[in-house]
$ cat structure-v9.pdb   # PDB, N, CA and C atoms, pLDDT in the B column
ATOM      1  N   MET A   1       0.845  -1.173   0.000  1.00 82.00           N
ATOM      2  CA  MET A   1       0.000   0.000   0.000  1.00 82.00           C
ATOM      3  C   MET A   1       0.888   1.234   0.000  1.00 82.00           C
ATOM      4  N   GLU A   2       0.628   2.135  -0.907  1.00 92.00           N
ATOM      5  CA  GLU A   2       1.386   3.382  -0.992  1.00 92.00           C
ATOM      6  C   GLU A   2       0.733   4.454  -0.123  1.00 92.00           C
ATOM      7  N   PRO A   3       1.533   5.261   0.587  1.00 87.00           N
ATOM      8  CA  PRO A   3       0.954   6.376   1.352  1.00 87.00           C
ATOM      9  C   PRO A   3       0.258   7.357   0.419  1.00 87.00           C
ATOM     10  N   GLN A   4      -0.762   7.971   0.942  1.00 89.00           N
ATOM     11  CA  GLN A   4      -1.505   8.958   0.178  1.00 89.00           C
ATOM     12  C   GLN A   4      -1.659  10.208   1.044  1.00 89.00           C
ATOM     13  N   LEU A   5      -1.272  11.360   0.514  1.00 92.00           N
ATOM     14  CA  LEU A   5      -1.449  12.622   1.224  1.00 92.00           C
ATOM     15  C   LEU A   5      -2.807  13.194   0.858  1.00 92.00           C
ATOM     16  N   VAL A   6      -3.570  13.547   1.878  1.00 88.00           N
ATOM     17  CA  VAL A   6      -4.908  14.084   1.688  1.00 88.00           C
ATOM     18  C   VAL A   6      -5.017  15.373   2.479  1.00 88.00           C
ATOM     19  N   THR A   7      -5.493  16.425   1.857  1.00 94.00           N
ATOM     20  CA  THR A   7      -5.733  17.684   2.554  1.00 94.00           C
ATOM     21  C   THR A   7      -7.181  17.701   3.017  1.00 94.00           C
ATOM     22  N   LYS A   8      -7.370  17.948   4.321  1.00 91.00           N
ATOM     23  CA  LYS A   8      -8.714  17.972   4.901  1.00 91.00           C
ATOM     24  C   LYS A   8      -8.874  19.255   5.706  1.00 91.00           C
ATOM     25  N   PRO A   9     -10.106  19.723   5.847  1.00 95.00           N
ATOM     26  CA  PRO A   9     -10.341  20.827   6.771  1.00 95.00           C
ATOM     27  C   PRO A   9     -10.063  20.351   8.205  1.00 95.00           C
ATOM     28  N   ALA A  10      -9.871  21.284   9.106  1.00 96.00           N
ATOM     29  CA  ALA A  10      -9.624  20.945  10.510  1.00 96.00           C
ATOM     30  C   ALA A  10     -10.750  20.064  11.048  1.00 96.00           C
ATOM     31  N   PHE A  11     -10.375  19.120  11.931  1.00 96.00           N
ATOM     32  CA  PHE A  11     -11.364  18.255  12.558  1.00 96.00           C
ATOM     33  C   PHE A  11     -10.863  17.878  13.949  1.00 96.00           C
ATOM     34  N   THR A  12     -11.757  17.332  14.751  1.00 97.00           N
ATOM     35  CA  THR A  12     -11.447  16.986  16.137  1.00 97.00           C
ATOM     36  C   THR A  12     -11.242  15.482  16.260  1.00 97.00           C
ATOM     37  N   VAL A  13     -10.165  15.094  16.957  1.00 97.00           N
ATOM     38  CA  VAL A  13      -9.868  13.685  17.198  1.00 97.00           C
ATOM     39  C   VAL A  13      -9.854  13.459  18.706  1.00 97.00           C
ATOM     40  N   VAL A  14     -10.548  12.412  19.158  1.00 97.00           N
ATOM     41  CA  VAL A  14     -10.520  12.025  20.575  1.00 97.00           C
ATOM     42  C   VAL A  14     -10.038  10.587  20.675  1.00 97.00           C
ATOM     43  N   GLY A  15      -9.352  10.280  21.770  1.00 97.00           N
ATOM     44  CA  GLY A  15      -8.850   8.929  21.951  1.00 97.00           C
ATOM     45  C   GLY A  15      -7.974   8.827  23.172  1.00 97.00           C
ATOM     46  N   MET A  16      -6.901   8.046  23.053  1.00 98.00           N
ATOM     47  CA  MET A  16      -5.964   7.816  24.150  1.00 98.00           C
ATOM     48  C   MET A  16      -4.609   8.409  23.782  1.00 98.00           C
ATOM     49  N   LEU A  17      -3.983   9.066  24.760  1.00 98.00           N
ATOM     50  CA  LEU A  17      -2.740   9.806  24.542  1.00 98.00           C
ATOM     51  C   LEU A  17      -1.616   9.226  25.384  1.00 98.00           C
ATOM     52  N   LEU A  18      -0.404   9.255  24.831  1.00 97.00           N
ATOM     53  CA  LEU A  18       0.776   8.933  25.623  1.00 97.00           C
ATOM     54  C   LEU A  18       1.937   9.798  25.163  1.00 97.00           C
ATOM     55  N   ARG A  19       2.946   9.882  25.999  1.00 97.00           N
ATOM     56  CA  ARG A  19       4.199  10.572  25.677  1.00 97.00           C
ATOM     57  C   ARG A  19       5.174   9.479  25.251  1.00 97.00           C
ATOM     58  N   ALA A  20       5.771   9.601  24.070  1.00 96.00           N
ATOM     59  CA  ALA A  20       6.572   8.510  23.512  1.00 96.00           C
ATOM     60  C   ALA A  20       7.832   9.032  22.848  1.00 96.00           C
ATOM     61  N   THR A  21       8.651   8.105  22.395  1.00 95.00           N
ATOM     62  CA  THR A  21       9.818   8.388  21.570  1.00 95.00           C
ATOM     63  C   THR A  21       9.651   7.604  20.270  1.00 95.00           C
ATOM     64  N   PRO A  22      10.384   7.974  19.205  1.00 92.00           N
ATOM     65  CA  PRO A  22      10.243   7.245  17.943  1.00 92.00           C
ATOM     66  C   PRO A  22      10.474   5.737  18.121  1.00 92.00           C
ATOM     67  N   MET A  23       9.668   4.951  17.450  1.00 93.00           N
ATOM     68  CA  MET A  23       9.739   3.488  17.452  1.00 93.00           C
ATOM     69  C   MET A  23       9.494   2.881  18.837  1.00 93.00           C
ATOM     70  N   SER A  24       8.839   3.623  19.692  1.00 93.00           N
ATOM     71  CA  SER A  24       8.546   3.158  21.046  1.00 93.00           C
ATOM     72  C   SER A  24       7.550   1.997  21.003  1.00 93.00           C
ATOM     73  N   PRO A  25       7.801   0.919  21.759  1.00 96.00           N
ATOM     74  CA  PRO A  25       6.848  -0.191  21.789  1.00 96.00           C
ATOM     75  C   PRO A  25       5.523   0.185  22.447  1.00 96.00           C
ATOM     76  N   GLU A  26       5.507   1.307  23.153  1.00 96.00           N
ATOM     77  CA  GLU A  26       4.262   1.731  23.786  1.00 96.00           C
ATOM     78  C   GLU A  26       3.217   2.167  22.760  1.00 96.00           C
ATOM     79  N   ILE A  27       3.643   2.568  21.556  1.00 97.00           N
ATOM     80  CA  ILE A  27       2.677   3.016  20.538  1.00 97.00           C
ATOM     81  C   ILE A  27       1.798   1.856  20.072  1.00 97.00           C
ATOM     82  N   PRO A  28       2.349   0.712  19.641  1.00 96.00           N
ATOM     83  CA  PRO A  28       1.464  -0.404  19.288  1.00 96.00           C
ATOM     84  C   PRO A  28       0.636  -0.900  20.483  1.00 96.00           C
ATOM     85  N   GLN A  29       1.221  -0.829  21.687  1.00 97.00           N
ATOM     86  CA  GLN A  29       0.476  -1.235  22.874  1.00 97.00           C
ATOM     87  C   GLN A  29      -0.723  -0.310  23.096  1.00 97.00           C
ATOM     88  N   LEU A  30      -0.539   0.994  22.823  1.00 98.00           N
ATOM     89  CA  LEU A  30      -1.641   1.945  22.945  1.00 98.00           C
ATOM     90  C   LEU A  30      -2.773   1.559  21.999  1.00 98.00           C
ATOM     91  N   TRP A  31      -2.429   1.213  20.753  1.00 97.00           N
ATOM     92  CA  TRP A  31      -3.459   0.774  19.795  1.00 97.00           C
ATOM     93  C   TRP A  31      -4.154  -0.488  20.277  1.00 97.00           C
ATOM     94  N   GLY A  32      -3.418  -1.374  20.910  1.00 97.00           N
ATOM     95  CA  GLY A  32      -4.013  -2.592  21.453  1.00 97.00           C
ATOM     96  C   GLY A  32      -5.032  -2.314  22.537  1.00 97.00           C
ATOM     97  N   ARG A  33      -4.819  -1.242  23.295  1.00 97.00           N
ATOM     98  CA  ARG A  33      -5.786  -0.847  24.334  1.00 97.00           C
ATOM     99  C   ARG A  33      -6.929  -0.028  23.748  1.00 97.00           C
ATOM    100  N   PHE A  34      -6.611   0.812  22.746  1.00 98.00           N
ATOM    101  CA  PHE A  34      -7.614   1.724  22.197  1.00 98.00           C
ATOM    102  C   PHE A  34      -8.597   1.027  21.251  1.00 98.00           C
ATOM    103  N   ALA A  35      -8.108   0.197  20.350  1.00 96.00           N
ATOM    104  CA  ALA A  35      -8.957  -0.400  19.314  1.00 96.00           C
ATOM    105  C   ALA A  35     -10.205  -1.094  19.866  1.00 96.00           C
ATOM    106  N   PRO A  36     -10.097  -1.878  20.940  1.00 96.00           N
ATOM    107  CA  PRO A  36     -11.305  -2.528  21.454  1.00 96.00           C
ATOM    108  C   PRO A  36     -12.331  -1.555  22.035  1.00 96.00           C
ATOM    109  N   ARG A  37     -11.928  -0.307  22.272  1.00 95.00           N
ATOM    110  CA  ARG A  37     -12.835   0.664  22.907  1.00 95.00           C
ATOM    111  C   ARG A  37     -13.355   1.719  21.937  1.00 95.00           C
ATOM    112  N   MET A  38     -12.969   1.629  20.669  1.00 94.00           N
ATOM    113  CA  MET A  38     -13.377   2.654  19.703  1.00 94.00           C
ATOM    114  C   MET A  38     -14.894   2.807  19.616  1.00 94.00           C
ATOM    115  N   ASP A  39     -15.642   1.728  19.787  1.00 91.00           N
ATOM    116  CA  ASP A  39     -17.100   1.795  19.710  1.00 91.00           C
ATOM    117  C   ASP A  39     -17.719   2.585  20.864  1.00 91.00           C
ATOM    118  N   GLU A  40     -16.927   2.868  21.900  1.00 94.00           N
ATOM    119  CA  GLU A  40     -17.438   3.639  23.034  1.00 94.00           C
ATOM    120  C   GLU A  40     -17.462   5.142  22.746  1.00 94.00           C
ATOM    121  N   ILE A  41     -16.824   5.585  21.675  1.00 95.00           N
ATOM    122  CA  ILE A  41     -16.734   7.013  21.376  1.00 95.00           C
ATOM    123  C   ILE A  41     -18.036   7.480  20.737  1.00 95.00           C
ATOM    124  N   PRO A  42     -18.717   8.449  21.364  1.00 95.00           N
ATOM    125  CA  PRO A  42     -19.960   8.953  20.773  1.00 95.00           C
ATOM    126  C   PRO A  42     -19.676   9.944  19.640  1.00 95.00           C
ATOM    127  N   ASN A  43     -20.633  10.094  18.763  1.00 96.00           N
ATOM    128  CA  ASN A  43     -20.605  11.093  17.690  1.00 96.00           C
ATOM    129  C   ASN A  43     -19.438  10.911  16.724  1.00 96.00           C
ATOM    130  N   LEU A  44     -19.166   9.664  16.337  1.00 96.00           N
ATOM    131  CA  LEU A  44     -18.109   9.417  15.364  1.00 96.00           C
ATOM    132  C   LEU A  44     -18.430  10.106  14.045  1.00 96.00           C
ATOM    133  N   ALA A  45     -17.471  10.813  13.505  1.00 96.00           N
ATOM    134  CA  ALA A  45     -17.655  11.487  12.218  1.00 96.00           C
ATOM    135  C   ALA A  45     -17.371  10.540  11.059  1.00 96.00           C
ATOM    136  N   GLU A  46     -16.452   9.581  11.279  1.00 94.00           N
ATOM    137  CA  GLU A  46     -16.049   8.642  10.232  1.00 94.00           C
ATOM    138  C   GLU A  46     -15.980   7.241  10.832  1.00 94.00           C
ATOM    139  N   PRO A  47     -17.083   6.514  10.815  1.00 90.00           N
ATOM    140  CA  PRO A  47     -17.042   5.156  11.369  1.00 90.00           C
ATOM    141  C   PRO A  47     -15.974   4.310  10.666  1.00 90.00           C
ATOM    142  N   HIS A  48     -15.298   3.476  11.428  1.00 89.00           N
ATOM    143  CA  HIS A  48     -14.275   2.552  10.930  1.00 89.00           C
ATOM    144  C   HIS A  48     -13.018   3.259  10.423  1.00 89.00           C
ATOM    145  N   VAL A  49     -12.798   4.516  10.868  1.00 93.00           N
ATOM    146  CA  VAL A  49     -11.595   5.262  10.511  1.00 93.00           C
ATOM    147  C   VAL A  49     -10.928   5.699  11.811  1.00 93.00           C
ATOM    148  N   SER A  50      -9.603   5.516  11.892  1.00 95.00           N
ATOM    149  CA  SER A  50      -8.868   5.959  13.077  1.00 95.00           C
ATOM    150  C   SER A  50      -7.633   6.731  12.638  1.00 95.00           C
ATOM    151  N   TYR A  51      -7.081   7.494  13.579  1.00 96.00           N
ATOM    152  CA  TYR A  51      -5.929   8.350  13.292  1.00 96.00           C
ATOM    153  C   TYR A  51      -4.867   8.177  14.360  1.00 96.00           C
ATOM    154  N   GLY A  52      -3.616   8.209  13.951  1.00 95.00           N
ATOM    155  CA  GLY A  52      -2.484   8.321  14.856  1.00 95.00           C
ATOM    156  C   GLY A  52      -1.946   9.733  14.703  1.00 95.00           C
ATOM    157  N   VAL A  53      -2.061  10.529  15.750  1.00 96.00           N
ATOM    158  CA  VAL A  53      -1.702  11.948  15.689  1.00 96.00           C
ATOM    159  C   VAL A  53      -0.488  12.196  16.579  1.00 96.00           C
ATOM    160  N   MET A  54       0.531  12.829  16.013  1.00 95.00           N
ATOM    161  CA  MET A  54       1.732  13.162  16.780  1.00 95.00           C
ATOM    162  C   MET A  54       1.855  14.675  16.888  1.00 95.00           C
ATOM    163  N   GLY A  55       2.349  15.149  18.033  1.00 96.00           N
ATOM    164  CA  GLY A  55       2.541  16.581  18.226  1.00 96.00           C
ATOM    165  C   GLY A  55       3.438  16.849  19.411  1.00 96.00           C
ATOM    166  N   ASN A  56       3.714  18.115  19.641  1.00 97.00           N
ATOM    167  CA  ASN A  56       4.518  18.570  20.781  1.00 97.00           C
ATOM    168  C   ASN A  56       5.881  17.877  20.834  1.00 97.00           C
ATOM    169  N   TYR A  57       6.562  17.828  19.695  1.00 97.00           N
ATOM    170  CA  TYR A  57       7.877  17.179  19.630  1.00 97.00           C
ATOM    171  C   TYR A  57       8.915  18.002  20.380  1.00 97.00           C
ATOM    172  N   ASP A  58       9.694  17.335  21.219  1.00 97.00           N
ATOM    173  CA  ASP A  58      10.764  17.966  21.998  1.00 97.00           C
ATOM    174  C   ASP A  58      12.101  17.535  21.389  1.00 97.00           C
ATOM    175  N   THR A  59      12.796  18.467  20.745  1.00 96.00           N
ATOM    176  CA  THR A  59      14.052  18.129  20.073  1.00 96.00           C
ATOM    177  C   THR A  59      15.146  17.706  21.061  1.00 96.00           C
ATOM    178  N   ALA A  60      15.091  18.166  22.290  1.00 97.00           N
ATOM    179  CA  ALA A  60      16.112  17.818  23.278  1.00 97.00           C
ATOM    180  C   ALA A  60      16.002  16.360  23.724  1.00 97.00           C
ATOM    181  N   THR A  61      14.768  15.856  23.831  1.00 96.00           N
ATOM    182  CA  THR A  61      14.560  14.495  24.342  1.00 96.00           C
ATOM    183  C   THR A  61      14.047  13.525  23.279  1.00 96.00           C
ATOM    184  N   SER A  62      13.679  14.040  22.103  1.00 96.00           N
ATOM    185  CA  SER A  62      13.051  13.262  21.029  1.00 96.00           C
ATOM    186  C   SER A  62      11.713  12.673  21.452  1.00 96.00           C
ATOM    187  N   GLN A  63      11.086  13.255  22.459  1.00 97.00           N
ATOM    188  CA  GLN A  63       9.771  12.789  22.894  1.00 97.00           C
ATOM    189  C   GLN A  63       8.677  13.592  22.205  1.00 97.00           C
ATOM    190  N   PHE A  64       7.521  12.971  22.053  1.00 98.00           N
ATOM    191  CA  PHE A  64       6.363  13.632  21.461  1.00 98.00           C
ATOM    192  C   PHE A  64       5.101  13.037  22.057  1.00 98.00           C
ATOM    193  N   ASP A  65       3.993  13.759  21.902  1.00 98.00           N
ATOM    194  CA  ASP A  65       2.687  13.238  22.286  1.00 98.00           C
ATOM    195  C   ASP A  65       2.155  12.421  21.122  1.00 98.00           C
ATOM    196  N   TYR A  66       1.574  11.258  21.425  1.00 98.00           N
ATOM    197  CA  TYR A  66       0.979  10.402  20.393  1.00 98.00           C
ATOM    198  C   TYR A  66      -0.437  10.075  20.821  1.00 98.00           C
ATOM    199  N   LEU A  67      -1.385  10.325  19.923  1.00 98.00           N
ATOM    200  CA  LEU A  67      -2.798  10.086  20.194  1.00 98.00           C
ATOM    201  C   LEU A  67      -3.310   9.058  19.222  1.00 98.00           C
ATOM    202  N   ALA A  68      -3.879   7.977  19.732  1.00 98.00           N
ATOM    203  CA  ALA A  68      -4.628   7.015  18.919  1.00 98.00           C
ATOM    204  C   ALA A  68      -6.079   7.417  19.061  1.00 98.00           C
ATOM    205  N   GLY A  69      -6.729   7.806  17.962  1.00 98.00           N
ATOM    206  CA  GLY A  69      -8.069   8.322  18.111  1.00 98.00           C
ATOM    207  C   GLY A  69      -8.931   8.243  16.870  1.00 98.00           C
ATOM    208  N   CYS A  70     -10.141   8.745  17.017  1.00 98.00           N
ATOM    209  CA  CYS A  70     -11.143   8.789  15.961  1.00 98.00           C
ATOM    210  C   CYS A  70     -11.678  10.213  15.863  1.00 98.00           C
ATOM    211  N   SER A  71     -12.128  10.597  14.670  1.00 97.00           N
ATOM    212  CA  SER A  71     -12.700  11.934  14.514  1.00 97.00           C
ATOM    213  C   SER A  71     -14.147  11.936  14.982  1.00 97.00           C
ATOM    214  N   VAL A  72     -14.547  13.053  15.563  1.00 98.00           N
ATOM    215  CA  VAL A  72     -15.912  13.201  16.092  1.00 98.00           C
ATOM    216  C   VAL A  72     -16.518  14.497  15.590  1.00 98.00           C
ATOM    217  N   THR A  73     -17.861  14.525  15.635  1.00 95.00           N
ATOM    218  CA  THR A  73     -18.565  15.760  15.238  1.00 95.00           C
ATOM    219  C   THR A  73     -18.698  16.675  16.422  1.00 95.00           C
TER     220      THR A  73
END

$ encode --input "structure-v9.pdb" --output "C-alpha cells"
Amino acid sequence: MEPQLVTKPAFTVVGMLLRATPMSPEIPQLWGRFAPRMDEIPNLAEPHVSYGVMGNYDTATSQFDYLAGCSVT
C-alpha cells in the first residue's frame, strides 16, 4: 500500500494519549488498548476510521505526544 497525502479541513480527534519516543513499543500497545474501545466514542464522524496523531515534539529528548483516536462531530 502506498501512502496517500490528503488535505482535509480541521477536525477533532478524541482517543488515548501517551508521551513517547520514535519506534517506542508503547505506541502499538496503545493501539491494542484503544482499538477494542473505539465503539465507546460517541458522535463518530467517520465510522471505521482511526488516526495516529503526533505533536509537541521535543528536540532535546526526542519525545512527542501520540494520540490514537477517531474523529468526532

$ atom_distance --input "structure-v9.pdb" --atom1 "atom N of Ser50 in chain A" --atom2 "atom C of Ser62 in chain A"
24.4 Å

$ resolve_selection --input "structure-v9.pdb" --expression "the PyMOL selection byres (((chain A and resi 66-72 and name CA) around 6) and name CA)" --output "VMD selection string"
chain A and resid 12 to 18 43 to 45 50 to 54 65 73

$ atom_distance --input "structure-v9.pdb" --atom1 "atom C of Phe34 in chain A" --atom2 "atom N of His48 in chain A"
12.1 Å

$ select_by_dssp --input "structure-v9.pdb" --residues "range 4-35 of chain A" --states "strand (DSSP E)" --output "PDB file with N, CA and C atoms, in the frame of the given file"
ATOM      1  N   THR A  12     -11.757  17.332  14.751  1.00 97.00           N
ATOM      2  CA  THR A  12     -11.447  16.986  16.137  1.00 97.00           C
ATOM      3  C   THR A  12     -11.242  15.482  16.260  1.00 97.00           C
ATOM      4  N   VAL A  13     -10.165  15.094  16.957  1.00 97.00           N
ATOM      5  CA  VAL A  13      -9.868  13.685  17.198  1.00 97.00           C
ATOM      6  C   VAL A  13      -9.854  13.459  18.706  1.00 97.00           C
ATOM      7  N   VAL A  14     -10.548  12.412  19.158  1.00 97.00           N
ATOM      8  CA  VAL A  14     -10.520  12.025  20.575  1.00 97.00           C
ATOM      9  C   VAL A  14     -10.038  10.587  20.675  1.00 97.00           C
ATOM     10  N   GLY A  15      -9.352  10.280  21.770  1.00 97.00           N
ATOM     11  CA  GLY A  15      -8.850   8.929  21.951  1.00 97.00           C
ATOM     12  C   GLY A  15      -7.974   8.827  23.172  1.00 97.00           C
ATOM     13  N   MET A  16      -6.901   8.046  23.053  1.00 98.00           N
ATOM     14  CA  MET A  16      -5.964   7.816  24.150  1.00 98.00           C
ATOM     15  C   MET A  16      -4.609   8.409  23.782  1.00 98.00           C
ATOM     16  N   LEU A  17      -3.983   9.066  24.760  1.00 98.00           N
ATOM     17  CA  LEU A  17      -2.740   9.806  24.542  1.00 98.00           C
ATOM     18  C   LEU A  17      -1.616   9.226  25.384  1.00 98.00           C
ATOM     19  N   LEU A  18      -0.404   9.255  24.831  1.00 97.00           N
ATOM     20  CA  LEU A  18       0.776   8.933  25.623  1.00 97.00           C
ATOM     21  C   LEU A  18       1.937   9.798  25.163  1.00 97.00           C
ATOM     22  N   ARG A  19       2.946   9.882  25.999  1.00 97.00           N
ATOM     23  CA  ARG A  19       4.199  10.572  25.677  1.00 97.00           C
ATOM     24  C   ARG A  19       5.174   9.479  25.251  1.00 97.00           C
ATOM     25  N   ALA A  20       5.771   9.601  24.070  1.00 96.00           N
ATOM     26  CA  ALA A  20       6.572   8.510  23.512  1.00 96.00           C
ATOM     27  C   ALA A  20       7.832   9.032  22.848  1.00 96.00           C
TER      28      ALA A  20
END

$ axis_aligned_box --input "structure-v9.pdb" --around "range 46-49 of chain A" --padding-each-side "5 Å" --output "JSON"
{"center_x": -14.0, "center_y": 6.1, "center_z": 11.0, "size_x": 16.2, "size_y": 17.0, "size_z": 11.6}

$ atom_distance --input "structure-v9.pdb" --atom1 "atom C of Ala60 in chain A" --atom2 "atom C of Pro25 in chain A"
19.3 Å

$ select_by_dssp --input "structure-v9.pdb" --residues "chain A" --states "helix (DSSP H, G or I)" --output "PyMOL selection string"
chain A and resi 26-40

$ closest_residue --input "structure-v9.pdb" --among "A:Ile27, A:Ala35, A:Leu5, A:Ala20" --to "Asp58 in chain A" --atoms "only C-alpha atoms"
A:Ala20

$ decode --input "structure-v9.pdb" --residues "chain A" --atoms "C-alpha atoms" --output "CSV table (one decimal), in the first residue's frame"
chain,number,residue,atom,x,y,z
A,1,MET,CA,0.0,0.0,0.0
A,2,GLU,CA,1.4,3.4,-1.0
A,3,PRO,CA,1.0,6.4,1.4
A,4,GLN,CA,-1.5,9.0,0.2
A,5,LEU,CA,-1.4,12.6,1.2
A,6,VAL,CA,-4.9,14.1,1.7
A,7,THR,CA,-5.7,17.7,2.6
A,8,LYS,CA,-8.7,18.0,4.9
A,9,PRO,CA,-10.3,20.8,6.8
A,10,ALA,CA,-9.6,20.9,10.5
A,11,PHE,CA,-11.4,18.3,12.6
A,12,THR,CA,-11.4,17.0,16.1
A,13,VAL,CA,-9.9,13.7,17.2
A,14,VAL,CA,-10.5,12.0,20.6
A,15,GLY,CA,-8.9,8.9,22.0
A,16,MET,CA,-6.0,7.8,24.1
A,17,LEU,CA,-2.7,9.8,24.5
A,18,LEU,CA,0.8,8.9,25.6
A,19,ARG,CA,4.2,10.6,25.7
A,20,ALA,CA,6.6,8.5,23.5
A,21,THR,CA,9.8,8.4,21.6
A,22,PRO,CA,10.2,7.2,17.9
A,23,MET,CA,9.7,3.5,17.5
A,24,SER,CA,8.5,3.2,21.0
A,25,PRO,CA,6.8,-0.2,21.8
A,26,GLU,CA,4.3,1.7,23.8
A,27,ILE,CA,2.7,3.0,20.5
A,28,PRO,CA,1.5,-0.4,19.3
A,29,GLN,CA,0.5,-1.2,22.9
A,30,LEU,CA,-1.6,1.9,22.9
A,31,TRP,CA,-3.5,0.8,19.8
A,32,GLY,CA,-4.0,-2.6,21.5
A,33,ARG,CA,-5.8,-0.8,24.3
A,34,PHE,CA,-7.6,1.7,22.2
A,35,ALA,CA,-9.0,-0.4,19.3
A,36,PRO,CA,-11.3,-2.5,21.5
A,37,ARG,CA,-12.8,0.7,22.9
A,38,MET,CA,-13.4,2.7,19.7
A,39,ASP,CA,-17.1,1.8,19.7
A,40,GLU,CA,-17.4,3.6,23.0
A,41,ILE,CA,-16.7,7.0,21.4
A,42,PRO,CA,-20.0,9.0,20.8
A,43,ASN,CA,-20.6,11.1,17.7
A,44,LEU,CA,-18.1,9.4,15.4
A,45,ALA,CA,-17.7,11.5,12.2
A,46,GLU,CA,-16.0,8.6,10.2
A,47,PRO,CA,-17.0,5.2,11.4
A,48,HIS,CA,-14.3,2.6,10.9
A,49,VAL,CA,-11.6,5.3,10.5
A,50,SER,CA,-8.9,6.0,13.1
A,51,TYR,CA,-5.9,8.4,13.3
A,52,GLY,CA,-2.5,8.3,14.9
A,53,VAL,CA,-1.7,11.9,15.7
A,54,MET,CA,1.7,13.2,16.8
A,55,GLY,CA,2.5,16.6,18.2
A,56,ASN,CA,4.5,18.6,20.8
A,57,TYR,CA,7.9,17.2,19.6
A,58,ASP,CA,10.8,18.0,22.0
A,59,THR,CA,14.1,18.1,20.1
A,60,ALA,CA,16.1,17.8,23.3
A,61,THR,CA,14.6,14.5,24.3
A,62,SER,CA,13.1,13.3,21.0
A,63,GLN,CA,9.8,12.8,22.9
A,64,PHE,CA,6.4,13.6,21.5
A,65,ASP,CA,2.7,13.2,22.3
A,66,TYR,CA,1.0,10.4,20.4
A,67,LEU,CA,-2.8,10.1,20.2
A,68,ALA,CA,-4.6,7.0,18.9
A,69,GLY,CA,-8.1,8.3,18.1
A,70,CYS,CA,-11.1,8.8,16.0
A,71,SER,CA,-12.7,11.9,14.5
A,72,VAL,CA,-15.9,13.2,16.1
A,73,THR,CA,-18.6,15.8,15.2
